[in-house]
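> Got a structure for you, questions after.
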Amino acid sequence: MTKAERRELQERQRAEKAARVSAGLPASGRRAAQVTAQPNSGFSPNPSKSLATSFPGAEAEKAIAAAESTGQAKRREKLTKENGLFAHLDPPKFANTASAPKDLHPAVVNVGLQMAQFKICGANARCVATLNAFRKTYLNPHISYLVTCRPMAVSMGNAIRYLKYEIGKNLELPDEDARALFVEKIDNFIRDRITMAEKVITSLGLQKIQDGDVILTYARSSVVQGLLLAAHAKGIKFKVIVVDSRPRFEGKQLLRALASAGVPCTYVLLTAIGHVMKEVSKVILGAHSLLSNGALYSRAGTAVVAMSAHERKIPVIVCCETYKFSDRVQLDSFVQNEIGNPDELVNDQHNNFGHSSVRYHDSVRGSTAAATGGSTTGGVLSGWRESRDLKLLNLLYDLTPSEFVTVVITEVGLIPCTSVPVILREFL
C-alpha cells in the first residue's frame, strides 16, 4: 500500500468514526455493528448520517466543527490569546491560599501572595521579604512555592544560592546550631549585600550630583530614591524629572517621597520623554539585574530612556548592588522575560494609589455603559478576551545594551557595565 493510499484509508476511517459518534453510536466499528444488529436496541439510523458517510471530506469538516464546539474550542481560544513571539514564557501566575500546600509556613505563604499581587515590588524588597520569611522556617519546599507565585528575581536566586552554599559547608553541625548559623547568615547577607551596599552606593553617587543638575529617573528604584533624598539632605540644589508608565505607575511612589522631602519635581509619562530630555543633565536609573554581557535588565521602558539620553550625549548612571549581577547572557527581551496580567493594561483605575486613571469620552462612555449594564468601571476594553482579533501583552522588563550605559555605581566602586564578569570572578 502506497503512502497516498494509506492516507486515504486513514481519512476514510476517521470520517466513518466521526459519523458513528455524531449518530449516537459507539466510536468502535465492531461495537456499533453490534448495537445496530440488536432488534430491541431502540436505535434508528439517521438517513442523513448514513448518506454522509459517502462524503468523507464533508463529514470530516462536520467532525472538526463538533470538536471545536467542545473542549478544543476553549483550548484554541486560549492559544489565540497567546502572542507567538512570547509563547515560550510562563503565563501570569495567580496564586491563592487554596493552592498552597498545607505544610508551608504562613510567613512564606503571605510573602508569596504579596509578590503575586505586586504588593511587594522591586528586587531589593522581594529579596529582603523572602529572606525574612526564611528566618522562621527552612528552604525546601518553600522555594518551589515562591516560584509558583511569581518568577524568581535574580536577586532572590543569588541570595538563595548563597544560603545553600553556607549550609553545605556546615552539614556536620547539630540542628540547633545549624539553625542559628542559618539565621546569622541571613542577617549578614541583608546587612552586607543590601543595606550597607545601598549606603556605599549613595555615598559614591553623591559625587555625581552637583548644584543645578536636572536629573531624570524612570519608575522607582529604592536605591535611586535613597540617593536623591541624601543629595537633597546634603544641601545640593537640583531638580528631578520622574518618568513613569502604565500599568503600575511606580514612579508616583517615588514622586510622593521626593515631593514630601521638598525636592523640586516634574512628573511625565514615558511618551513625553522626547520633550523633557532636552532639559536633562544626567539620567540615574535602577536595575533589576546586570547581565554578564553588560546588558541592563530592568523595568520595561528603561531601554527607551537610556537610548534617548545616549542620543543626546547625556550620561546614563545605573545604581546596582553586586548581588544583582548575573552570569546569564541575554541579547534581547524575547529569550527571557516576565509576563504580567494583561488585564492591568485594560483596567488600571484601581491601582496602588487609590485613584482612577481611566478617562472616557462621552461616546465611549455611553457604549461602555451599555455593554456593562450602565457601569463604566470595566474599562473600554473590558471584553477583550471575547475578541478573537485582539491580544494584549504586558511585559515587565526590557534589556538595555551596554553601549547605552555610561557607568554603574556599585558598592565596590564605579565600574563600566562590561566589568560584570570581572566582579563575578574576583569578588563573588
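Just so we're on the same page: first chain in the C-alpha cells is A, next is B, and so on; residues restart at 1 for each chain, and ligands are numbered from 1 in the order they show up.
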Skipping near chain neighbours, those fewer than 6 positions away, what residues fall within 12 Å of Val335 in chain A using only C-alpha atoms, listed as a ChimeraX atom specification?
/A:85-90,328-329,397-399
> Show which residues sit within 12 Å of range 101-105 of chain A, as a PyMOL selection string. Count only C-alpha atoms, and ignore same-chain residues fewer than 5 positions away.
chain A and resi 95-96+110-112+133-146+148
> Hey, what's within 12 Å of Gln225 in chain A if we count only C-alpha atoms and toss same-chain stuff fewer than 2 positions away? As a PyMOL selection string, please?
chain A and resi 198-199+201-202+205+215-223+227-232+240+242+250-259+261+263+284-286+319
> Running DSSP on the backbone, which parts of range 89-269 of chain A land in strand (DSSP E), as a ChimeraX atom specification?
/A:213-218,238-244,265-269
> From range 82-291 of chain A, collect each residue whose DSSP state is helix (DSSP H, G or I) and return the set as number ranges by chain.
A: 84-86, 97-99, 106-116, 123-134, 142-149, 154-168, 175-208, 222-233, 251-261, 270-279
> Give me the range 227-306 of chain A side of the contact with range 321-327 of chain A, cut-off 8 Å, one line per residue showing its nearest atom pair and distance in Å at one decimal, counting only C-alpha atoms, sorted by chain and residue number, as CSV.

```
residue,atom,partner,partner_atom,distance
A:His288,CA,A:Lys324,CA,6.9
A:Ser289,CA,A:Lys324,CA,5.0
A:Leu290,CA,A:Phe325,CA,4.9
A:Leu291,CA,A:Ser326,CA,4.9
A:Ser292,CA,A:Asp327,CA,4.7
```
> Please, could you write that set of residues out with N, CA, C and O atoms as a PDB file, in the first residue's frame?

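Dumped to selection-v7.pdb:
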```
ATOM      1  N   HIS A 288      17.138  45.858  37.806  1.00  0.00           N
ATOM      2  CA  HIS A 288      16.710  44.555  38.312  1.00  0.00           C
ATOM      3  C   HIS A 288      17.888  43.585  38.326  1.00  0.00           C
ATOM      4  O   HIS A 288      18.030  42.800  39.245  1.00  0.00           O
ATOM      5  N   SER A 289      18.726  43.696  37.289  1.00  0.00           N
ATOM      6  CA  SER A 289      19.910  42.841  37.213  1.00  0.00           C
ATOM      7  C   SER A 289      20.854  43.405  36.164  1.00  0.00           C
ATOM      8  O   SER A 289      20.436  44.110  35.238  1.00  0.00           O
ATOM      9  N   LEU A 290      22.129  43.098  36.333  1.00  0.00           N
ATOM     10  CA  LEU A 290      23.141  43.368  35.311  1.00  0.00           C
ATOM     11  C   LEU A 290      23.672  42.027  34.820  1.00  0.00           C
ATOM     12  O   LEU A 290      24.159  41.218  35.629  1.00  0.00           O
ATOM     13  N   LEU A 291      23.581  41.793  33.518  1.00  0.00           N
ATOM     14  CA  LEU A 291      23.955  40.512  32.958  1.00  0.00           C
ATOM     15  C   LEU A 291      25.438  40.459  32.631  1.00  0.00           C
ATOM     16  O   LEU A 291      26.131  41.485  32.614  1.00  0.00           O
ATOM     17  N   SER A 292      25.920  39.268  32.358  1.00  0.00           N
ATOM     18  CA  SER A 292      27.348  39.059  32.166  1.00  0.00           C
ATOM     19  C   SER A 292      27.888  39.777  30.932  1.00  0.00           C
ATOM     20  O   SER A 292      29.070  40.104  30.881  1.00  0.00           O
TER      21      SER A 292
END
```
> So which one's closest to Gly294 in chain A, A:Arg193, A:Ile120, A:Ala19, A:Val318? Using only C-alpha atoms, please.
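Answer, going by the shortest atom-to-atom distance: A:Val318.
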> Taking only C-alpha atoms into account, name the residue in A:Asn188, A:Ser245, A:Ser419, A:Gln10 that is nearest to Val268 in chain A.
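When distances to Val268 in chain A are compared using only C-alpha atoms, the smallest one comes from A:Ser245.
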> Could you pull the residues within 10 Å of Val200 in chain A, counting only C-alpha atoms, minus those fewer than 5 positions along the same chain, as a PDB file with C-alpha atoms, in the first residue's frame?

```pdb
ATOM      1  CA  THR A 195      21.777  47.644  53.478  1.00  0.00           C
ATOM      2  CA  GLY A 205      26.524  58.660  43.857  1.00  0.00           C
ATOM      3  CA  GLU A 321      24.302  46.231  44.062  1.00  0.00           C
ATOM      4  CA  ILE A 409      27.705  52.628  40.711  1.00  0.00           C
ATOM      5  CA  THR A 410      28.208  49.599  42.959  1.00  0.00           C
ATOM      6  CA  GLU A 411      29.477  49.039  46.498  1.00  0.00           C
ATOM      7  CA  VAL A 412      32.869  48.081  45.013  1.00  0.00           C
ATOM      8  CA  GLY A 413      33.182  51.363  43.113  1.00  0.00           C
TER       9      GLY A 413
END
```
> If we count only C-alpha atoms and set the cut-off at 8 Å, which residues sit around Asn293 in chain A, ignoring sequence neighbours fewer than 6 positions away in its own chain? Please answer as a list in words.
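The neighbour list is Arg328, Val329, Gln330, Ser402, Thr418, Val420 and Pro421 of chain A.
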> Env of Val304 in chain A: 9 Å cut, atoms = only C-alpha atoms, seq-sep filter 6 positions within chain, self excluded. Answer as a PyMOL selection string.
chain A and resi 270+273+400
> Could you write those residues out with all heavy atoms, as a PDB file, in the first residue's frame?

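Final output, saved to out.pdb:
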```pdb
ATOM      1  N   LEU A 270       6.071  58.257  29.909  1.00  0.00           N
ATOM      2  CA  LEU A 270       7.155  57.854  29.011  1.00  0.00           C
ATOM      3  C   LEU A 270       6.982  58.432  27.616  1.00  0.00           C
ATOM      4  O   LEU A 270       7.965  58.659  26.914  1.00  0.00           O
ATOM      5  CB  LEU A 270       7.212  56.320  28.950  1.00  0.00           C
ATOM      6  CG  LEU A 270       8.366  55.686  28.184  1.00  0.00           C
ATOM      7  CD1 LEU A 270       9.702  56.087  28.788  1.00  0.00           C
ATOM      8  CD2 LEU A 270       8.226  54.177  28.159  1.00  0.00           C
ATOM      9  N   ILE A 273       8.982  61.719  26.890  1.00  0.00           N
ATOM     10  CA  ILE A 273      10.403  61.764  27.211  1.00  0.00           C
ATOM     11  C   ILE A 273      11.196  62.575  26.193  1.00  0.00           C
ATOM     12  O   ILE A 273      12.187  63.235  26.538  1.00  0.00           O
ATOM     13  CB  ILE A 273      10.966  60.324  27.330  1.00  0.00           C
ATOM     14  CG1 ILE A 273      12.378  60.359  27.905  1.00  0.00           C
ATOM     15  CG2 ILE A 273      10.936  59.612  25.993  1.00  0.00           C
ATOM     16  CD1 ILE A 273      12.940  59.010  28.229  1.00  0.00           C
ATOM     17  N   THR A 400      18.590  46.696  28.100  1.00  0.00           N
ATOM     18  CA  THR A 400      19.312  47.854  27.583  1.00  0.00           C
ATOM     19  C   THR A 400      20.735  47.431  27.257  1.00  0.00           C
ATOM     20  O   THR A 400      21.474  46.994  28.150  1.00  0.00           O
ATOM     21  CB  THR A 400      19.337  48.989  28.621  1.00  0.00           C
ATOM     22  OG1 THR A 400      18.001  49.315  29.004  1.00  0.00           O
ATOM     23  CG2 THR A 400      20.022  50.218  28.051  1.00  0.00           C
TER      24      THR A 400
END
```
> Which residue out of A:Arg7, A:Asp175, A:Met156, A:Pro342 has the minimum interatomic distance to Lys391 in chain A when only C-alpha atoms are used?
A:Pro342
> If you count only C-alpha atoms, which residues fall within 12 Å of Ala178 in chain A, apart from same-chain ones fewer than 5 positions away, as a compact mmCIF listing (two decimals) with C-alpha atoms, in the first residue's frame?

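To be explicit, this is the file written out as out.txt:
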```txt
# COMPACT_ATOMS: atom_id res chain seq x y z
CA TYR A 138 13.64 26.27 56.06
CA LEU A 163 22.42 30.34 51.74
CA GLU A 166 26.78 28.26 53.53
CA ILE A 167 24.54 25.40 54.66
CA GLY A 168 26.57 22.92 52.61
CA LYS A 169 29.76 23.93 54.43
CA ASN A 170 28.31 23.12 57.85
CA LEU A 171 26.38 19.91 57.41
CA GLU A 172 28.01 18.31 60.47
CA LEU A 173 26.53 20.84 62.90
CA VAL A 183 19.63 32.87 60.68
CA GLU A 184 23.00 34.57 61.21
CA LYS A 185 23.90 34.17 57.53
```
> Which residue gives the smallest distance to Ala153 in chain A among A:Ala18, A:Ile236, A:Val280, A:Cys121, with only C-alpha atoms counted?
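Looking only at the distances to Ala153 in chain A, the closest residue turns out to be A:Cys121.
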> Rank A:Asp343, A:Arg20, A:Pro247, A:Arg385 by their smallest atom-to-atom distance to Ala33 in chain A, using only C-alpha atoms, and report the top residue only.
A:Arg20
> With only C-alpha atoms as the atoms that count, which of A:Ile423, A:Ile186, A:Ile194, A:Val305 lies nearest to Ala123 in chain A?
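With only C-alpha atoms as the atom set, the closest residue is A:Ile194.
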